[in-house]
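Q: The file below is query.txt, compact mmCIF, C-alpha atoms:
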# COMPACT_ATOMS: atom_id res chain seq x y z
CA MET O 1 0.00 0.00 0.00
CA LYS O 2 1.82 2.99 -1.39
CA GLU O 3 0.34 5.65 0.91
CA LEU O 4 1.28 3.59 3.97
CA GLN O 5 4.84 3.01 2.78
CA GLU O 6 5.30 6.71 2.07
CA ARG O 7 3.95 7.56 5.51
CA ILE O 8 6.34 5.08 7.16
CA VAL O 9 9.25 6.72 5.34
CA GLN O 10 8.01 10.20 6.25
CA ASP O 11 6.91 9.76 9.89
CA GLY O 12 8.42 6.46 11.03
CA LYS O 13 11.68 6.34 12.96
CA VAL O 14 14.13 3.51 12.51
CA LEU O 15 15.82 3.16 15.88
CA SER O 16 17.91 0.13 14.91
CA ALA O 17 18.01 -2.63 12.29
CA SER O 18 15.01 -4.25 14.00
CA VAL O 19 13.12 -1.45 15.78
CA LEU O 20 10.75 0.81 13.84
CA LYS O 21 8.83 3.47 15.75
CA VAL O 22 5.49 4.40 14.18
CA ASP O 23 3.83 5.96 17.21
CA ALA O 24 3.29 9.27 15.39
CA PHE O 25 0.51 7.81 13.20
CA LEU O 26 -0.15 4.11 13.90
CA ASN O 27 0.19 2.96 17.50
CA HIS O 28 0.07 5.80 20.02
CA GLN O 29 -1.04 8.83 18.06
CA VAL O 30 -3.18 7.46 15.22
CA ASP O 31 -4.26 8.87 11.86
CA PRO O 32 -7.88 7.64 11.62
CA GLN O 33 -8.22 8.43 7.90
CA LEU O 34 -5.18 6.29 7.04
CA THR O 35 -6.46 3.60 9.43
CA MET O 36 -9.81 3.48 7.61
CA LYS O 37 -8.00 3.09 4.28
CA ILE O 38 -5.97 0.24 5.76
CA GLY O 39 -9.20 -1.44 6.83
CA GLN O 40 -10.73 -0.98 3.39
CA ARG O 41 -7.60 -2.47 1.81
CA PHE O 42 -7.82 -5.60 3.97
CA ALA O 43 -11.53 -5.87 3.14
CA GLU O 44 -10.70 -5.71 -0.60
CA LEU O 45 -7.87 -8.24 -0.34
CA PHE O 46 -10.10 -10.75 1.44
CA ALA O 47 -13.29 -9.98 -0.50
CA GLY O 48 -15.32 -13.05 -1.43
CA GLU O 49 -14.06 -15.00 1.58
CA ASN O 50 -17.38 -14.63 3.44
CA ILE O 51 -15.64 -13.48 6.60
CA THR O 52 -17.91 -13.51 9.66
CA LYS O 53 -15.51 -12.18 12.33
CA VAL O 54 -12.33 -10.11 12.48
CA VAL O 55 -10.04 -11.00 15.41
CA THR O 56 -7.14 -9.01 16.88
CA ILE O 57 -5.29 -8.49 20.20
CA GLU O 58 -5.49 -5.51 22.50
CA ALA O 59 -4.30 -2.81 22.32
CA SER O 60 -2.55 -1.79 19.11
CA GLY O 61 -4.57 -4.04 16.80
CA ILE O 62 -7.94 -2.64 17.86
CA HIS O 63 -8.28 0.33 15.51
CA PHE O 64 -7.18 -1.73 12.50
CA ALA O 65 -9.70 -4.45 13.37
CA MET O 66 -12.32 -1.72 13.83
CA ALA O 67 -11.63 -0.26 10.37
CA THR O 68 -11.49 -3.68 8.69
CA SER O 69 -14.64 -5.04 10.30
CA PHE O 70 -16.49 -1.80 9.52
CA ALA O 71 -15.56 -2.19 5.85
CA LEU O 72 -16.60 -5.86 5.89
CA GLY O 73 -19.82 -5.27 7.85
CA VAL O 74 -19.04 -7.91 10.50
CA PRO O 75 -18.17 -7.75 14.23
CA PHE O 76 -14.61 -7.80 15.52
CA ILE O 77 -13.21 -9.35 18.68
CA TYR O 78 -10.13 -8.21 20.54
CA ALA O 79 -8.37 -10.91 22.53
CA LYS O 80 -7.49 -9.83 26.05
CA LYS O 81 -3.97 -10.08 27.44
CA LYS O 82 -3.42 -11.33 30.93
CA LYS O 83 -0.22 -11.98 32.78
CA ALA O 84 -1.84 -14.33 35.24
CA VAL O 85 -2.97 -17.66 33.89
CA THR O 86 -6.60 -17.50 34.91
CA LEU O 87 -7.94 -20.14 32.58
CA THR O 88 -11.61 -20.88 32.84
CA GLU O 89 -14.06 -22.97 30.89
CA GLU O 90 -15.44 -19.78 29.44
CA VAL O 91 -12.52 -18.74 27.23
CA TYR O 92 -10.27 -19.98 24.47
CA SER O 93 -6.74 -19.19 25.57
CA ALA O 94 -3.19 -19.38 24.21
CA PRO O 95 0.25 -18.45 25.59
CA VAL O 96 2.23 -15.75 23.77
CA HIS O 97 5.89 -15.09 24.43
CA SER O 98 6.97 -11.47 24.19
CA PHE O 99 10.57 -11.27 23.02
CA THR O 100 10.71 -7.55 23.79
CA ARG O 101 9.60 -7.97 27.39
CA GLN O 102 10.99 -11.46 27.90
CA GLU O 103 7.79 -12.74 29.43
CA THR O 104 4.93 -15.03 28.52
CA TYR O 105 1.35 -13.86 28.83
CA GLN O 106 -2.01 -15.45 28.07
CA ILE O 107 -4.40 -14.17 25.44
CA SER O 108 -8.04 -15.13 25.63
CA VAL O 109 -11.32 -14.88 23.75
CA SER O 110 -14.72 -15.66 25.21
CA ARG O 111 -16.14 -18.94 23.85
CA GLN O 112 -19.45 -17.19 23.29
CA TYR O 113 -18.10 -15.18 20.38
CA LEU O 114 -16.24 -17.72 18.23
CA SER O 115 -17.67 -20.98 16.91
CA LYS O 116 -17.08 -23.54 14.17
CA GLU O 117 -19.48 -21.63 11.93
CA ASP O 118 -17.12 -18.64 11.85
CA ARG O 119 -14.80 -17.62 9.01
CA VAL O 120 -12.12 -15.51 10.66
CA LEU O 121 -9.71 -12.84 9.45
CA ILE O 122 -6.94 -12.02 11.93
CA VAL O 123 -5.59 -8.46 11.81
CA ASP O 124 -2.69 -6.86 13.69
CA ASP O 125 -0.34 -3.90 13.45
CA PHE O 126 2.95 -5.82 13.13
CA LEU O 127 3.99 -9.23 11.83
CA ALA O 128 7.50 -9.75 13.24
CA THR O 129 8.30 -12.83 15.35
CA GLY O 130 4.75 -13.99 14.74
CA ALA O 131 4.29 -14.91 18.41
CA ALA O 132 1.07 -12.96 18.92
CA LEU O 133 -0.40 -13.95 15.56
CA VAL O 134 0.40 -17.64 16.03
CA GLY O 135 -1.34 -17.40 19.43
CA LEU O 136 -4.42 -15.98 17.72
CA THR O 137 -4.41 -18.70 15.05
CA ASN O 138 -4.36 -21.29 17.86
CA ILE O 139 -7.42 -19.69 19.42
CA VAL O 140 -9.24 -19.76 16.07
CA LYS O 141 -8.26 -23.42 15.68
CA ASP O 142 -9.47 -24.26 19.21
CA ALA O 143 -12.83 -22.72 18.36
CA GLY O 144 -13.06 -24.97 15.30
CA ALA O 145 -13.50 -21.85 13.15
CA HIS O 146 -12.09 -21.47 9.64
CA LEU O 147 -9.07 -19.15 9.41
CA VAL O 148 -9.33 -17.17 6.18
CA GLY O 149 -5.98 -15.44 6.67
CA VAL O 150 -3.89 -12.86 8.45
CA GLY O 151 -3.67 -9.16 7.60
CA ALA O 152 -0.64 -7.30 8.96
CA VAL O 153 -0.22 -3.57 8.57
CA ILE O 154 3.60 -3.74 8.69
CA GLU O 155 5.67 -6.86 8.18
CA LYS O 156 9.29 -7.12 9.28
CA SER O 157 10.11 -9.65 6.61
CA PHE O 158 13.58 -10.25 8.06
CA GLN O 159 12.01 -11.87 11.14
CA GLU O 160 10.52 -15.34 11.38
CA GLY O 161 6.78 -14.56 11.63
CA ARG O 162 5.86 -14.99 7.97
CA GLY O 163 7.72 -18.29 7.76
CA LEU O 164 5.93 -19.68 10.82
CA LEU O 165 2.50 -18.76 9.48
CA GLU O 166 3.25 -19.97 5.94
CA GLN O 167 4.40 -23.32 7.32
CA ALA O 168 0.97 -23.59 8.90
CA GLY O 169 -0.62 -22.87 5.52
CA VAL O 170 -1.94 -19.45 6.49
CA ARG O 171 -2.57 -16.82 3.81
CA ILE O 172 -0.80 -13.58 4.75
CA GLU O 173 -1.41 -10.10 3.39
CA SER O 174 0.94 -7.39 4.66
CA LEU O 175 0.46 -3.82 3.49
CA ALA O 176 4.10 -2.80 3.94
CA ARG O 177 6.81 -5.47 3.85
CA ILE O 178 10.15 -4.31 5.16
CA GLU O 179 13.08 -6.33 3.84
CA SER O 180 15.67 -4.37 5.78
CA MET O 181 16.04 -1.04 7.52
CA SER O 182 18.55 1.22 9.19
CA PRO O 183 18.53 4.85 10.34
CA GLU O 184 19.67 5.64 6.77
CA GLY O 185 16.61 4.17 5.10
CA ILE O 186 13.95 1.49 4.73
CA HIS O 187 13.89 -1.08 1.96
CA PHE O 188 10.42 -2.42 1.11
CA ILE O 189 9.99 -5.77 -0.66
CA GLU O 190 7.42 -4.47 -3.13
CA GLU O 191 4.91 -1.69 -3.39
CA GLU O 192 1.79 -3.84 -3.41
CA PRO O 193 1.04 -7.34 -2.12
CA ALA O 194 1.62 -9.95 -4.81
CA ARG O 195 -2.02 -11.01 -5.13
CA VAL O 196 -3.30 -7.66 -6.33
CA MET Z 1 -28.61 7.79 22.11
CA LYS Z 2 -31.66 5.64 21.61
CA GLU Z 3 -30.06 2.89 19.51
CA LEU Z 4 -27.31 2.45 22.11
CA GLN Z 5 -29.76 2.27 25.02
CA GLU Z 6 -31.87 -0.31 23.19
CA ARG Z 7 -28.77 -2.36 22.46
CA ILE Z 8 -27.69 -2.22 26.11
CA VAL Z 9 -31.12 -3.51 27.13
CA GLN Z 10 -31.04 -6.21 24.45
CA ASP Z 11 -27.43 -7.47 24.65
CA GLY Z 12 -26.04 -6.13 27.93
CA LYS Z 13 -26.01 -8.26 31.07
CA VAL Z 14 -26.53 -6.73 34.48
CA LEU Z 15 -24.49 -8.91 36.83
CA SER Z 16 -25.18 -6.83 39.93
CA ALA Z 17 -26.36 -3.35 40.91
CA SER Z 18 -22.97 -1.98 39.78
CA VAL Z 19 -21.64 -4.40 37.14
CA LEU Z 20 -22.89 -4.21 33.55
CA LYS Z 21 -21.39 -6.59 31.00
CA VAL Z 22 -21.40 -5.24 27.44
CA ASP Z 23 -18.73 -7.49 25.96
CA ALA Z 24 -21.10 -8.81 23.29
CA PHE Z 25 -21.03 -5.53 21.35
CA LEU Z 26 -18.85 -2.86 23.00
CA ASN Z 27 -15.70 -4.08 24.75
CA HIS Z 28 -14.62 -7.57 23.69
CA GLN Z 29 -16.75 -8.40 20.69
CA VAL Z 30 -17.52 -5.05 19.05
CA ASP Z 31 -20.21 -3.89 16.62
CA PRO Z 32 -18.26 -1.54 14.32
CA GLN Z 33 -21.37 0.01 12.75
CA LEU Z 34 -22.74 1.02 16.16
CA THR Z 35 -19.26 2.21 17.16
CA MET Z 36 -19.07 4.49 14.11
CA LYS Z 37 -22.49 5.96 14.99
CA ILE Z 38 -21.25 6.59 18.53
CA GLY Z 39 -18.25 8.44 17.10
CA GLN Z 40 -20.46 10.51 14.81
CA ARG Z 41 -22.69 11.39 17.77
CA PHE Z 42 -19.73 12.66 19.82
CA ALA Z 43 -18.55 14.64 16.79
CA GLU Z 44 -22.00 16.26 16.49
CA LEU Z 45 -22.24 17.03 20.21
CA PHE Z 46 -18.85 18.76 20.20
CA ALA Z 47 -19.17 20.36 16.76
CA GLY Z 48 -17.86 23.93 16.58
CA GLU Z 49 -15.33 23.31 19.36
CA ASN Z 50 -12.39 23.19 16.92
CA ILE Z 51 -11.09 19.98 18.44
CA THR Z 52 -7.53 19.13 17.34
CA LYS Z 53 -7.00 15.81 19.17
CA VAL Z 54 -9.12 13.03 20.63
CA VAL Z 55 -7.55 11.30 23.64
CA THR Z 56 -8.45 7.95 25.23
CA ILE Z 57 -6.85 5.09 27.21
CA GLU Z 58 -5.96 1.63 25.96
CA ALA Z 59 -7.63 -0.74 25.42
CA SER Z 60 -11.40 -0.38 25.51
CA GLY Z 61 -11.51 3.31 24.57
CA ILE Z 62 -9.55 2.88 21.35
CA HIS Z 63 -12.34 2.02 18.89
CA PHE Z 64 -14.54 4.83 20.21
CA ALA Z 65 -11.68 7.32 19.87
CA MET Z 66 -11.03 5.94 16.38
CA ALA Z 67 -14.67 6.47 15.33
CA THR Z 68 -14.87 9.94 16.91
CA SER Z 69 -11.59 11.20 15.49
CA PHE Z 70 -12.49 9.83 12.05
CA ALA Z 71 -15.75 11.81 12.17
CA LEU Z 72 -13.91 14.94 13.34
CA GLY Z 73 -11.02 14.55 10.89
CA VAL Z 74 -8.31 14.83 13.57
CA PRO Z 75 -5.78 12.37 15.05
CA PHE Z 76 -6.42 10.44 18.25
CA ILE Z 77 -3.99 9.38 20.96
CA TYR Z 78 -4.37 6.41 23.25
CA ALA Z 79 -2.63 6.74 26.60
CA LYS Z 80 -0.60 3.69 27.54
CA LYS Z 81 -1.07 1.87 30.82
CA LYS Z 82 1.93 0.70 32.76
CA LYS Z 83 2.12 -0.96 36.11
CA ALA Z 84 5.71 0.07 36.67
CA VAL Z 85 6.34 3.73 37.28
CA THR Z 86 8.82 4.36 34.51
CA LEU Z 87 8.52 8.11 34.32
CA THR Z 88 10.74 9.84 31.84
CA GLU Z 89 11.08 13.36 30.55
CA GLU Z 90 9.44 12.23 27.36
CA VAL Z 91 5.90 11.59 28.63
CA TYR Z 92 3.05 13.24 30.47
CA SER Z 93 1.99 10.79 33.14
CA ALA Z 94 -0.73 10.39 35.78
CA PRO Z 95 -1.58 7.73 38.35
CA VAL Z 96 -4.94 5.96 38.05
CA HIS Z 97 -6.39 3.78 40.79
CA SER Z 98 -8.39 0.79 39.61
CA PHE Z 99 -11.10 -0.01 42.14
CA THR Z 100 -11.88 -3.30 40.39
CA ARG Z 101 -8.31 -4.54 40.56
CA GLN Z 102 -7.32 -2.67 43.72
CA GLU Z 103 -4.11 -1.40 42.20
CA THR Z 104 -2.66 1.85 40.93
CA TYR Z 105 -1.13 2.08 37.49
CA GLN Z 106 0.42 4.89 35.48
CA ILE Z 107 -1.01 6.21 32.25
CA SER Z 108 1.21 8.14 29.90
CA VAL Z 109 1.16 10.14 26.68
CA SER Z 110 4.23 11.15 24.71
CA ARG Z 111 4.98 14.87 25.04
CA GLN Z 112 5.47 15.04 21.30
CA TYR Z 113 1.77 14.62 20.60
CA LEU Z 114 0.07 17.06 22.98
CA SER Z 115 0.84 20.75 23.30
CA LYS Z 116 -0.72 23.99 24.53
CA GLU Z 117 -2.07 24.61 21.04
CA ASP Z 118 -4.32 21.54 21.28
CA ARG Z 119 -8.07 21.50 21.94
CA VAL Z 120 -8.77 18.05 23.32
CA LEU Z 121 -11.84 15.83 23.52
CA ILE Z 122 -11.45 12.86 25.88
CA VAL Z 123 -13.46 9.75 25.00
CA ASP Z 124 -13.89 6.47 26.89
CA ASP Z 125 -16.26 3.52 27.11
CA PHE Z 126 -17.39 3.99 30.73
CA LEU Z 127 -17.72 6.91 33.13
CA ALA Z 128 -18.06 5.28 36.56
CA THR Z 129 -15.65 6.17 39.38
CA GLY Z 130 -14.05 8.66 37.02
CA ALA Z 131 -10.54 7.51 38.00
CA ALA Z 132 -9.29 6.91 34.47
CA LEU Z 133 -10.96 10.02 33.05
CA VAL Z 134 -9.64 12.27 35.82
CA GLY Z 135 -6.16 10.85 35.07
CA LEU Z 136 -6.58 11.80 31.42
CA THR Z 137 -7.77 15.32 32.29
CA ASN Z 138 -4.61 15.73 34.40
CA ILE Z 139 -2.46 14.76 31.43
CA VAL Z 140 -4.27 17.29 29.22
CA LYS Z 141 -3.75 19.94 31.92
CA ASP Z 142 -0.03 19.08 32.22
CA ALA Z 143 0.33 19.56 28.48
CA GLY Z 144 -1.22 23.02 28.80
CA ALA Z 145 -3.85 21.99 26.25
CA HIS Z 146 -7.49 23.11 26.37
CA LEU Z 147 -9.93 20.40 27.47
CA VAL Z 148 -13.11 20.75 25.43
CA GLY Z 149 -14.93 17.99 27.28
CA VAL Z 150 -15.41 14.30 27.98
CA GLY Z 151 -17.51 11.90 25.94
CA ALA Z 152 -18.51 8.67 27.69
CA VAL Z 153 -20.36 5.89 25.90
CA ILE Z 154 -22.02 4.60 29.08
CA GLU Z 155 -22.30 6.51 32.34
CA LYS Z 156 -23.03 4.82 35.64
CA SER Z 157 -24.67 7.89 37.06
CA PHE Z 158 -24.94 6.32 40.52
CA GLN Z 159 -21.14 6.43 40.86
CA GLU Z 160 -19.00 9.45 41.61
CA GLY Z 161 -17.31 10.05 38.23
CA ARG Z 162 -19.66 12.71 36.88
CA GLY Z 163 -19.54 14.67 40.13
CA LEU Z 164 -15.73 14.68 40.16
CA LEU Z 165 -15.51 15.95 36.58
CA GLU Z 166 -18.29 18.53 37.03
CA GLN Z 167 -16.52 19.90 40.10
CA ALA Z 168 -13.52 20.47 37.86
CA GLY Z 169 -15.75 22.34 35.39
CA VAL Z 170 -15.55 19.68 32.69
CA ARG Z 171 -18.35 19.38 30.12
CA ILE Z 172 -19.59 15.78 30.00
CA GLU Z 173 -21.64 14.10 27.29
CA SER Z 174 -22.69 10.53 28.00
CA LEU Z 175 -24.68 8.63 25.39
CA ALA Z 176 -26.41 6.31 27.87
CA ARG Z 177 -26.82 7.42 31.48
CA ILE Z 178 -27.77 4.62 33.84
CA GLU Z 179 -29.50 5.83 36.98
CA SER Z 180 -29.87 2.36 38.46
CA MET Z 181 -29.82 -1.23 37.34
CA SER Z 182 -30.48 -4.76 38.52
CA PRO Z 183 -30.84 -8.12 36.78
CA GLU Z 184 -34.53 -7.19 36.44
CA GLY Z 185 -33.91 -4.08 34.39
CA ILE Z 186 -31.99 -0.89 33.63
CA HIS Z 187 -33.26 2.60 34.33
CA PHE Z 188 -31.83 5.31 32.09
CA ILE Z 189 -31.86 8.97 33.17
CA GLU Z 190 -33.09 10.24 29.83
CA GLU Z 191 -33.06 9.19 26.21
CA GLU Z 192 -30.82 11.97 24.94
CA PRO Z 193 -28.16 14.12 26.60
CA ALA Z 194 -29.62 17.36 27.93
CA ARG Z 195 -27.76 19.68 25.57
CA VAL Z 196 -29.31 18.34 22.38
Any chance you could give the structure as structure tokens?
A:
Amino acid sequence: MKELQERIVQDGKVLSASVLKVDAFLNHQVDPQLTMKIGQRFAELFAGENITKVVTIEASGIHFAMATSFALGVPFIYAKKKKAVTLTEEVYSAPVHSFTRQETYQISVSRQYLSKEDRVLIVDDFLATGAALVGLTNIVKDAGAHLVGVGAVIEKSFQEGRGLLEQAGVRIESLARIESMSPEGIHFIEEEPARV
Amino acid sequence: MKELQERIVQDGKVLSASVLKVDAFLNHQVDPQLTMKIGQRFAELFAGENITKVVTIEASGIHFAMATSFALGVPFIYAKKKKAVTLTEEVYSAPVHSFTRQETYQISVSRQYLSKEDRVLIVDDFLATGAALVGLTNIVKDAGAHLVGVGAVIEKSFQEGRGLLEQAGVRIESLARIESMSPEGIHFIEEEPARV
């Protein structure tokens, strides 16, 4: 997505070869107009898939799930993060390891809101190590729902997330795929996802 | 907001005289169409106020801030919650006491994104004890910005939040004001906010 890539170049800050700060427009201060376009783009890419639910994780996936589900005309669900393992019969749950914080937390979704009739699109801000997204795919699997695919706003293609999801046969659409980056510049894999 | 009140009656669950569960359509599974209407309503109520930023707290305020800021055509900011007090020069920060969890956490907003030129609308899902919203008003004050008002999706009018904010001279618009509730029913103060 050209507009997104240009915005990353303009307002993103590459702090190191692996850390990209986008809190000026994506995940602290947010540009809602750009976010709505991102949601529309995901809706176009997965059109015809008869999606019934969009699923994400709190907090930084919420506005992208909101925009995508609005464009698709279906509800979205945000998985809750908990440090404590308070598993109950009432939720689907999966462990997620945070490499940044060096800790494992639980994500959970109420069983009431996902079932085997659902066709699910997972959306998140970043696809990097894939830890959070793999956790979400496990929740979708536990619910017996059909996973249509994963939409990531920004993909750090030099990390292992895409490989992990592809191994599991998951369709991935990332709107900006970063092959490499440094404070001197960002190299994107291609302007538009291959399927378009 | 009539549609919201009807939806609360239809899909909300009153667990006790003070606990209302709305996770079927507002804060776990979310109806994006209703959320967009909520945002448009806040934008109408605060029209003419020349708002430059919408501010909320992660996680459950994010989609309402997204919808409101989209309708207003301005950015939104979601304050981050941290348990640890990692204050730096780079953020405005305020303590918030959670009565549910019996703990105090810090909320913070990067200094880069709020300044004395800003006219701020604060938006959140619930106005109850007012703890989180008072914390946000303190951050806006620290930034030297002008607080235009607070928009709450649901107000538990039997709790102290409204009183605390009114004492501080803050304009409050709540889209559903609950005077009292029990598993037998919910009593709303009025169908529409008084100013309309």
Q: Can you tell me how far CA of Phe64 (chain O) sits from CA of Thr35 (chain O), in Å to one decimal?
A: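 It comes out at 6.2 Å.
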Q: Chain Z residues within 10 Å of chain O, counting all atoms listed in the file: which ones, as an NGL selection string?
A: :Z and (23-36 or 53-55 or 57-80 or 109-110 or 112-114)
Q: With a distance cut-off of 10 Å and all atoms listed in the file, select the neighbouring residues of Glu44 (chain O), excluding the residue or stretch itself and same-chain residues fewer than 2 positions from it, and output the selection as a PyMOL selection string.
A: chain O and resi 38-42+46-48+68+71-72+196
Q: For Gly185 (chain O), find every residue with an atom within 8 Å (counting only C-alpha atoms), except residues of its own chain fewer than 4 positions away, and show them as a list in words.
A: Val9, Val14 and Met181 of chain O
Q: Interatomic distance between CA of Asp11 (chain Z) and CA of Ser182 (chain Z)?
A: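 Interatomic distance here is 14.5 Å.
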Q: Can you tell me how far CA of Lys81 (chain O) sits from CA of Gly163 (chain O), in Å to one decimal?
A: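 Atom-to-atom, CA of Lys81 (chain O) and CA of Gly163 (chain O) are spaced 24.3 Å apart.
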Q: For region 133-141 of chain Z, please output as a PyMOL selection string all residues within 7 Å (counting only C-alpha atoms; exclusion window: fewer than 3 positions along the same chain).
A: chain Z and resi 92-96+130+144-145+147+165
Q: Please return, as a ChimeraX atom specification, all polymer residues that have at least one atom within 12 Å of the point (4.2, 6.8, 4.7); use only C-alpha atoms and the file's own coordinate frame.
A: /O:1-13,22,24-26,31,34,153-154,175-176,186,188,191
Q: Within 6 Å of Gln159 (chain O), counting only C-alpha atoms, which residues qualify if same-chain residues fewer than 2 places away don't, as number ranges by chain?
A: O: 128-129, 156-157, 161
Q: From the options O:Glu155, O:Glu90, O:Glu190, O:Asp125, which residue's atoms come nearest to Ser108 (chain O), counting all atoms listed in the file?
A: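 Distance minimum relative to Ser108 (chain O) lands on O:Glu90.
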Q: Please provide as number ranges by chain all residues within 9 Å of Asn50 (chain Z), with the sequence filter that same-chain residues fewer than 4 positions apart are discarded (counting only C-alpha atoms).
A: Z: 46, 119-120, 148
Q: Which one is closest to Ser98 (chain O): O:Ile122, O:Leu127, O:Ala132, O:Ile172? Count all atoms listed in the file.
A: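 Comparing O:Ile122, O:Leu127, O:Ala132, O:Ile172 against Ser98 (chain O), the winner is O:Ala132.
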Q: When distances are computed from all atoms listed in the file, which of O:Glu179, O:Ala152, O:Ser115, O:Leu164 shows the smallest separation from Ala131 (chain O)?
A: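 Nearest to Ala131 (chain O): O:Leu164.
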Q: Got a minute to add N, CA, C and O atoms to region 166-179 of chain Z and dump it as a compact mmCIF listing (two decimals), in the coordinates of the input?
A:
# COMPACT_ATOMS: atom_id res chain seq x y z
N GLU Z 166 -17.51 17.28 37.00
CA GLU Z 166 -18.29 18.53 37.03
C GLU Z 166 -17.68 19.53 37.99
O GLU Z 166 -17.61 20.73 37.70
N GLN Z 167 -17.22 19.03 39.13
CA GLN Z 167 -16.52 19.90 40.10
C GLN Z 167 -15.35 20.61 39.45
O GLN Z 167 -15.03 21.75 39.79
N ALA Z 168 -14.68 19.89 38.53
CA ALA Z 168 -13.52 20.47 37.86
C ALA Z 168 -13.94 21.31 36.65
O ALA Z 168 -13.10 21.77 35.89
N GLY Z 169 -15.26 21.49 36.47
CA GLY Z 169 -15.75 22.34 35.39
C GLY Z 169 -15.70 21.71 34.02
O GLY Z 169 -15.72 22.40 33.00
N VAL Z 170 -15.67 20.38 33.97
CA VAL Z 170 -15.55 19.68 32.69
C VAL Z 170 -16.94 19.41 32.10
O VAL Z 170 -17.84 18.93 32.80
N ARG Z 171 -17.11 19.72 30.82
CA ARG Z 171 -18.35 19.38 30.12
C ARG Z 171 -18.37 17.88 29.84
O ARG Z 171 -17.39 17.33 29.33
N ILE Z 172 -19.48 17.23 30.18
CA ILE Z 172 -19.59 15.78 30.00
C ILE Z 172 -20.77 15.46 29.10
O ILE Z 172 -21.87 15.97 29.31
N GLU Z 173 -20.54 14.62 28.11
CA GLU Z 173 -21.64 14.10 27.29
C GLU Z 173 -21.59 12.59 27.35
O GLU Z 173 -20.62 11.97 26.90
N SER Z 174 -22.61 11.98 27.94
CA SER Z 174 -22.69 10.53 28.00
C SER Z 174 -23.86 10.08 27.13
O SER Z 174 -24.93 10.67 27.19
N LEU Z 175 -23.65 9.03 26.35
CA LEU Z 175 -24.68 8.63 25.39
C LEU Z 175 -25.74 7.72 26.00
O LEU Z 175 -26.83 7.58 25.46
N ALA Z 176 -25.41 7.09 27.13
CA ALA Z 176 -26.41 6.31 27.87
C ALA Z 176 -26.11 6.50 29.34
O ALA Z 176 -25.03 6.12 29.81
N ARG Z 177 -27.04 7.13 30.05
CA ARG Z 177 -26.82 7.42 31.48
C ARG Z 177 -27.69 6.48 32.31
O ARG Z 177 -28.92 6.57 32.30
N ILE Z 178 -27.04 5.61 33.05
CA ILE Z 178 -27.77 4.62 33.84
C ILE Z 178 -27.94 5.14 35.26
O ILE Z 178 -26.98 5.38 35.98
N GLU Z 179 -29.20 5.33 35.64
CA GLU Z 179 -29.50 5.83 36.98
C GLU Z 179 -29.41 4.70 37.99
O GLU Z 179 -28.88 4.85 39.08
